[in-house]
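Written out below as structure tokens is the structure these notes cover.
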Amino acid sequence: MDYLYLYDNFWALTVTGLSLGAIYALIALGYTLVYGVLQLINFAHSEVFMYGTFAVSWVLLFVGAHANGSLPQVIGWFAMALVAAMLMSCAIALLLERVAYRPLRRRHAPRLVALISAIGASFALAEAMGLRDRITGWVGLDDVLHRYVFNARENIGTPDIIHPEAVFRLFDYRVTNVDILVITSAFVMMVLLDQFVQRSRLGRGIRSVSQDPEAAALMGVNADRVIQVTFALGGLAAGGAAALYMFKIGVSRYDVGFILGVKAFTAAVLGGIGNLRGALLGGLLLGVVENYGSALVGSQWKDVVAFVLLVVILLLRPTGLLGESLSGARA
Amino acid sequence: MNIPEAVRPSTVRANLSASPKWLKLIFLVAAAAFMYALPILEPPIISTPDTEFAGVLFTVTTYVLVALGLNIVIGYAGLLDLGYIGFYAVGAYTVAVLGSEHGHLSWLICLPIAAVVATLSGLILGAPTLRVRGDYLAIVTLGFGEIIRLTAINSSWLGAAFGISDVPKPPSVHLFEVPHLVWNRGVASVDLSNKSTFLEFGVIDSVPYYWLGLTMVILVLIADRLIKDSRVGRSWEATREDENAAEVMGVPTFKFKLLAFAMGAFIGGLSGGLYATVNSFVSPASFLLLYSILFVAAVVVGGAGNRWGVIVGAIAVAYLPERFRGFTDYRVMVFGIALIALAIFRPQGLLPPRRTVRARKLPGGAIEGGGLNA
């Protein structure tokens with residue numbers, strides 16, 4: 001137990017924990033939304049995120065972004081990367097819903113089968129990315145796309161378009177512009193999503209289906225449309241998370257989704273699955289506690305700390321910290 | 001409307017259940033004898049051209065063992081366990097620690113201890129977590145599997161990332177030698193240069209290990225049958241179908257769930273110990289979370305709740321990728337696509353339990369589980 005290290009680096013650990021936690025929270029939104037509506041663990045959501053990180057990398061490669069851009073250039077690249085990641089993740093999420101979930105829903109398959117289908121989709125999507133050099137080779141595009149597909153099983157990076165610079169000091173830790181960007185953008189995205197679900201017509205549809213699918217259908221809510229929108233929203237959030245992840249960490253791989261997906265799901269359960277604000281709270285808490293824990297017992301135990309936290313919370317409060325309800329308010 | 005395929009009683013099953021008991025017994029004994037002889041016969045189509053056939057068969061038996069154990073947890077008791085690899089790893093590491101790293105106990109003592117330690121770990125994990133709801137159980141067990149692996153990586157006592165080598169072998173008894181067959185364009189001949197010694201647990205020949213594994217599979221199958229048809233099996237079924245109703249009828253559901261968990265862990269530990277024996281080496285890299293997912297896939301693909309179904313599933317998951325090694329790079333992708341296709345076109349699994357088939361005939365046609373409410 002290294003209390004001194006924790007004490008000395010308390011603010012550094014807090015801020016980096018918050019920015020990683022914000023990314024967990026954005027991914028967790030996708031799990032929580034789908035769980036709220038379908039009562040299903042969308043196992044392939046981690047792949048939705050992974051495709052987003054690749055979209056960022058490809059777009060920046062395509063426009064030739066580099067580390068020394070002027071301010072308008074950097075803003076343009078950032079916007080392009082964000083939009084590309086969100087579109088890509090949204091498209092993958094919709095594809096997933098169409099191919100792996102909708103046919104099962106039509107047949108009223110048991111939940112375990114939906115999980116198997118999702119696992120299959122997760123494998124197929126991850127491997128398709130890991131074999132992208134071969135797959136483009138089949139259609140004869142591997143020469144044209146060489147820059148994007150070579151070394152398909154290795155890490156893929158992005159240029160450091162936003163140079164981390166200290167903006168202000170929080171006690172003894174220099175908070176960088178990247179930290180601020182990640183935390184604020186994640187927060188803005190989550191507020192937008194929450195307001196969409198709380199206020200818009202489609203959001204009301206989502207909440208009604210999650211409360212009582214049959215009654216919602218009787219009131220004229222088109223369940224298929226609502227489920228599609230739910231997946232799309234989860235995909236958009238995961239895309240946002242992917243873009244922020246690439247600016248913060250900068251490296252991705254075809255199998256990067258797995259561990260992040262497990263963490264994000266943990267975050268969703270922590271806050272109370274099916275609850276949007278719970279996902280935010282769970283993500284931030286997980287990121288911070290994970291950092292404190294790894295400071296105390298060594299960084300190689302980081303994932304263990306996360307799971308132990310999950311087990312403890314589930315034992316003390318089985319519905320998560322904020323309870324399970326997509327509509328947020330609980331009586 | 002056409003009757004769904006699953007409703008029609010399968011003819012094999014109908015014929016088998018109609019035949020007298022002695023015929024059934026003869027059939028089963030003949031099938032078992034054929035299974036024992038399989039690595040000796042090396043039949044041309046099913047034999048694996050690129051890897052040693054007996055080795056592949058052994059891998060298949062460990063998967064079958066694991067699938068039978070996990071079937072108790074998922075199929076009978078209806079608990080989704082995504083961290084089954086954890087028990088497997090506990091079994092493997094117990095054998096390795098007691099027999100090589102921190103002791104020199106005989107294999108005959110190590111293996112039962114491994115199963116018992118795995119059972120204990122199942123009880124320790126199950127006692128607090130089986131009170132939480134089904135989906136949470138999935139994520140908690142997922143975490144458990146990962147914690148076991150990370151602990152193995154980070155503890156030098158457990159050999160850290162390098163693992164533990166020189167795991168003990170079972171004691172050998174030399175009784176007689178069996179020559180293998182060689183097939184040449186459909187004609188079999190005896191290959192006297194390639195022999196397996198009956199019960200010599202060496203380094204090169206995997207056949208005796210396969211026999212050992214197969215024997216365990218048969219023992220577990222018999223135990224499985226006895227338990228499933230007893231009061232315990234019925235209690236599991238009641239708990240799975242409706243926990244509240246079962247509790248009202250006087251079934252102590254928590255106790256029975258814990259029992260299912262412990263028995264699953266026992267079998268998982270056993271197969272893990274067996275795995276460590278054959279490889280004579282354990283390392284954290286062999287216990288990835290991916291395998292947990294593969295185990296669950298084996299159970300569900302075959303048909304959770306039917307012991308013959310999960311055996312078919314385990315064979316499909318373990319054998320097919322070995323048989324078609326030419327597609328090595330694509331096998332995970334093909335496997336993923338196959339899982340989706342299977343979930344869509346045959347959601348009840350390849351060989352569903354009979355009760356599900358019967359339930360389908362009931363008005364409403366709902367099958368167990370919440371289903372996708374939409």
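Residue numbering restarts at 1 in every chain; chains get A, B, ... in the order shown in the structure tokens, and ligands count up from 1 in that same order.
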Could you name the residues that touch range 230-233 of chain B at 10 Å or less, counting only C-alpha atoms, but leaving out those on the same chain fewer than 2 positions away, as a list in words?
->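 The residues satisfying every condition are Ile72, Tyr76, Ala77, Asp224, Arg225, Leu226, Ile227, Lys228, Ser235, Trp236, Glu237, Ala238, Thr239, Val251, Phe256, Leu259 and Ala260 of chain B.
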Would you mind listing, as a JSON list (two decimals) with C-alpha atoms, in the first residue's frame, all residues of chain A that have at least one atom within 9 Å of chain B, where only C-alpha atoms are what counts?
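Printed below is out_29.json as written:
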[["chain", "number", "residue", "atom", "x", "y", "z"],
["A", 37, "VAL", "CA", -35.08, -0.82, -24.08],
["A", 38, "LEU", "CA", -34.33, -4.49, -24.79],
["A", 39, "GLN", "CA", -33.04, -5.83, -21.43],
["A", 40, "LEU", "CA", -30.06, -7.15, -23.36],
["A", 41, "ILE", "CA", -26.32, -6.87, -22.89],
["A", 99, "VAL", "CA", -28.27, -8.13, -38.84],
["A", 100, "ALA", "CA", -27.82, -9.54, -35.35],
["A", 101, "TYR", "CA", -30.84, -8.36, -33.36],
["A", 103, "PRO", "CA", -34.23, -11.18, -36.97],
["A", 104, "LEU", "CA", -34.14, -12.60, -33.44],
["A", 105, "ARG", "CA", -36.74, -10.16, -32.18],
["A", 106, "ARG", "CA", -39.07, -11.22, -34.94],
["A", 107, "ARG", "CA", -38.77, -14.82, -33.75],
["A", 108, "HIS", "CA", -39.06, -14.05, -30.04],
["A", 109, "ALA", "CA", -35.82, -15.83, -29.33],
["A", 110, "PRO", "CA", -34.71, -16.31, -25.71],
["A", 111, "ARG", "CA", -32.33, -13.71, -24.31],
["A", 112, "LEU", "CA", -29.40, -16.07, -24.11],
["A", 113, "VAL", "CA", -29.62, -16.56, -27.87],
["A", 114, "ALA", "CA", -29.51, -12.82, -28.44],
["A", 116, "ILE", "CA", -24.82, -15.48, -28.55],
["A", 117, "SER", "CA", -25.73, -13.56, -31.66],
["A", 118, "ALA", "CA", -24.12, -10.45, -30.20],
["A", 119, "ILE", "CA", -20.98, -12.41, -29.31],
["A", 120, "GLY", "CA", -20.87, -13.71, -32.86],
["A", 121, "ALA", "CA", -21.25, -10.20, -34.23],
["A", 122, "SER", "CA", -18.50, -8.99, -31.94],
["A", 123, "PHE", "CA", -16.09, -11.66, -33.18],
["A", 124, "ALA", "CA", -17.01, -11.10, -36.82],
["A", 125, "LEU", "CA", -16.64, -7.30, -36.63],
["A", 126, "ALA", "CA", -13.35, -7.38, -34.74],
["A", 127, "GLU", "CA", -11.85, -9.97, -37.06],
["A", 128, "ALA", "CA", -13.09, -8.17, -40.16],
["A", 131, "LEU", "CA", -8.17, -8.91, -41.58],
["A", 209, "VAL", "CA", -40.76, 1.15, -24.65],
["A", 212, "ASP", "CA", -43.70, -1.27, -20.88],
["A", 213, "PRO", "CA", -43.22, -2.44, -24.46],
["A", 214, "GLU", "CA", -46.75, -3.74, -24.85],
["A", 217, "ALA", "CA", -47.14, -0.54, -28.78],
["A", 223, "ALA", "CA", -41.04, -0.38, -31.40],
["A", 224, "ASP", "CA", -38.79, -1.17, -34.37],
["A", 227, "ILE", "CA", -35.02, 0.36, -31.12],
["A", 262, "VAL", "CA", -16.04, -4.64, -20.26],
["A", 265, "PHE", "CA", -20.35, -2.17, -19.04],
["A", 266, "THR", "CA", -19.03, -2.25, -15.49],
["A", 269, "VAL", "CA", -23.90, -1.50, -13.95],
["A", 300, "GLN", "CA", -0.83, -4.03, -12.84],
["A", 301, "TRP", "CA", -3.85, -4.55, -10.53],
["A", 303, "ASP", "CA", -8.46, -4.08, -13.81],
["A", 304, "VAL", "CA", -8.77, -6.11, -10.61],
["A", 306, "ALA", "CA", -12.35, -2.16, -11.22],
["A", 307, "PHE", "CA", -13.97, -5.57, -10.85],
["A", 308, "VAL", "CA", -13.69, -5.67, -7.09],
["A", 310, "LEU", "CA", -18.20, -3.69, -9.14],
["A", 311, "VAL", "CA", -18.71, -6.72, -6.91],
["A", 314, "LEU", "CA", -23.53, -4.98, -6.45],
["A", 315, "LEU", "CA", -23.52, -6.63, -3.05],
["A", 318, "PRO", "CA", -27.78, -4.50, -6.34],
["A", 319, "THR", "CA", -29.54, -2.01, -8.59]]
Report the residues of range 49-189 of chain A whose backbone DSSP state falls under alpha helix (DSSP H), written as JSON, numbers by chain.
-> {"A": [49, 50, 51, 52, 53, 54, 55, 56, 57, 58, 59, 60, 61, 62, 71, 72, 73, 74, 75, 76, 77, 78, 79, 80, 81, 82, 83, 84, 85, 86, 87, 88, 89, 90, 91, 92, 93, 94, 95, 96, 102, 103, 104, 105, 106, 111, 112, 113, 114, 115, 116, 117, 118, 119, 120, 121, 122, 123, 124, 125, 126, 127, 128, 129, 130, 132, 133, 134, 135, 136, 137, 138, 146, 147, 148, 149, 177, 178, 179, 180, 181, 182, 183, 184, 185, 186, 187, 188, 189]}
With C-alpha atoms retained, export the selected residues as a short mmCIF file (atom, residue, chain, number, x, y, z; two decimals), in the first residue's frame.
data_model
loop_
_atom_site.label_atom_id
_atom_site.label_comp_id
_atom_site.auth_asym_id
_atom_site.auth_seq_id
_atom_site.Cartn_x
_atom_site.Cartn_y
_atom_site.Cartn_z
CA PHE A 49 -16.48 1.89 -30.39
CA MET A 50 -13.47 0.24 -32.05
CA TYR A 51 -14.68 1.12 -35.56
CA GLY A 52 -15.01 4.74 -34.42
CA THR A 53 -11.35 4.88 -33.39
CA PHE A 54 -10.35 3.62 -36.83
CA ALA A 55 -12.54 6.23 -38.51
CA VAL A 56 -10.63 8.94 -36.62
CA SER A 57 -7.30 7.53 -37.66
CA TRP A 58 -8.30 7.12 -41.31
CA VAL A 59 -9.79 10.58 -41.66
CA LEU A 60 -6.73 12.24 -40.15
CA LEU A 61 -4.55 10.18 -42.46
CA PHE A 62 -6.70 11.11 -45.44
CA LEU A 71 -5.53 26.80 -34.77
CA PRO A 72 -8.25 26.84 -37.49
CA GLN A 73 -6.69 23.73 -39.03
CA VAL A 74 -6.71 21.91 -35.69
CA ILE A 75 -10.34 22.84 -35.08
CA GLY A 76 -11.25 21.62 -38.55
CA TRP A 77 -9.43 18.31 -38.08
CA PHE A 78 -10.98 17.82 -34.68
CA ALA A 79 -14.47 18.41 -36.06
CA MET A 80 -13.85 16.11 -39.03
CA ALA A 81 -12.52 13.33 -36.81
CA LEU A 82 -15.42 13.66 -34.41
CA VAL A 83 -18.03 13.60 -37.17
CA ALA A 84 -16.34 10.69 -38.96
CA ALA A 85 -16.14 8.62 -35.79
CA MET A 86 -19.76 9.32 -34.89
CA LEU A 87 -20.99 8.46 -38.39
CA MET A 88 -18.93 5.28 -38.52
CA SER A 89 -20.01 4.06 -35.08
CA CYS A 90 -23.62 4.98 -35.78
CA ALA A 91 -23.53 3.03 -39.06
CA ILE A 92 -21.99 -0.02 -37.38
CA ALA A 93 -24.54 0.11 -34.56
CA LEU A 94 -27.40 0.25 -37.07
CA LEU A 95 -25.90 -2.60 -39.06
CA LEU A 96 -25.59 -4.60 -35.86
CA ARG A 102 -33.88 -7.67 -35.49
CA PRO A 103 -34.23 -11.18 -36.97
CA LEU A 104 -34.14 -12.60 -33.44
CA ARG A 105 -36.74 -10.16 -32.18
CA ARG A 106 -39.07 -11.22 -34.94
CA ARG A 111 -32.33 -13.71 -24.31
CA LEU A 112 -29.40 -16.07 -24.11
CA VAL A 113 -29.62 -16.56 -27.87
CA ALA A 114 -29.51 -12.82 -28.44
CA LEU A 115 -26.35 -12.75 -26.36
CA ILE A 116 -24.82 -15.48 -28.55
CA SER A 117 -25.73 -13.56 -31.66
CA ALA A 118 -24.12 -10.45 -30.20
CA ILE A 119 -20.98 -12.41 -29.31
CA GLY A 120 -20.87 -13.71 -32.86
CA ALA A 121 -21.25 -10.20 -34.23
CA SER A 122 -18.50 -8.99 -31.94
CA PHE A 123 -16.09 -11.66 -33.18
CA ALA A 124 -17.01 -11.10 -36.82
CA LEU A 125 -16.64 -7.30 -36.63
CA ALA A 126 -13.35 -7.38 -34.74
CA GLU A 127 -11.85 -9.97 -37.06
CA ALA A 128 -13.09 -8.17 -40.16
CA MET A 129 -11.07 -5.18 -38.96
CA GLY A 130 -8.09 -7.37 -38.09
CA ARG A 132 -8.87 -5.71 -43.47
CA ASP A 133 -5.75 -6.11 -45.61
CA ARG A 134 -6.95 -9.50 -46.86
CA ILE A 135 -10.53 -8.41 -47.30
CA THR A 136 -9.59 -5.40 -49.40
CA GLY A 137 -7.29 -7.76 -51.30
CA TRP A 138 -10.28 -9.87 -52.38
CA HIS A 146 -2.51 0.37 -48.71
CA ARG A 147 -1.97 3.29 -46.35
CA TYR A 148 -5.16 2.45 -44.49
CA VAL A 149 -5.07 -1.31 -44.35
CA ASN A 177 -5.85 21.18 -22.79
CA VAL A 178 -6.47 17.57 -23.84
CA ASP A 179 -7.87 16.73 -20.39
CA ILE A 180 -10.16 19.75 -20.51
CA LEU A 181 -11.27 18.98 -24.05
CA VAL A 182 -12.06 15.35 -23.27
CA ILE A 183 -13.96 16.04 -20.07
CA THR A 184 -15.97 18.98 -21.40
CA SER A 185 -16.85 17.36 -24.74
CA ALA A 186 -17.91 14.17 -23.03
CA PHE A 187 -20.00 16.15 -20.61
CA VAL A 188 -21.65 18.20 -23.38
CA MET A 189 -22.44 15.06 -25.37
#
Selection near Val312 in chain B, 9 Å with only C-alpha atoms, sequence-local residues under 3 positions removed, as a VMD selection string | chain B and resid 64 298 to 299 301 to 303 307 to 309 315 to 317 350 to 351
Within 9 Å of Gly157 in chain A using only C-alpha atoms, minus same-chain residues under 2 positions, as a PyMOL selection string | chain A and resi 57+155+159+246+250-253
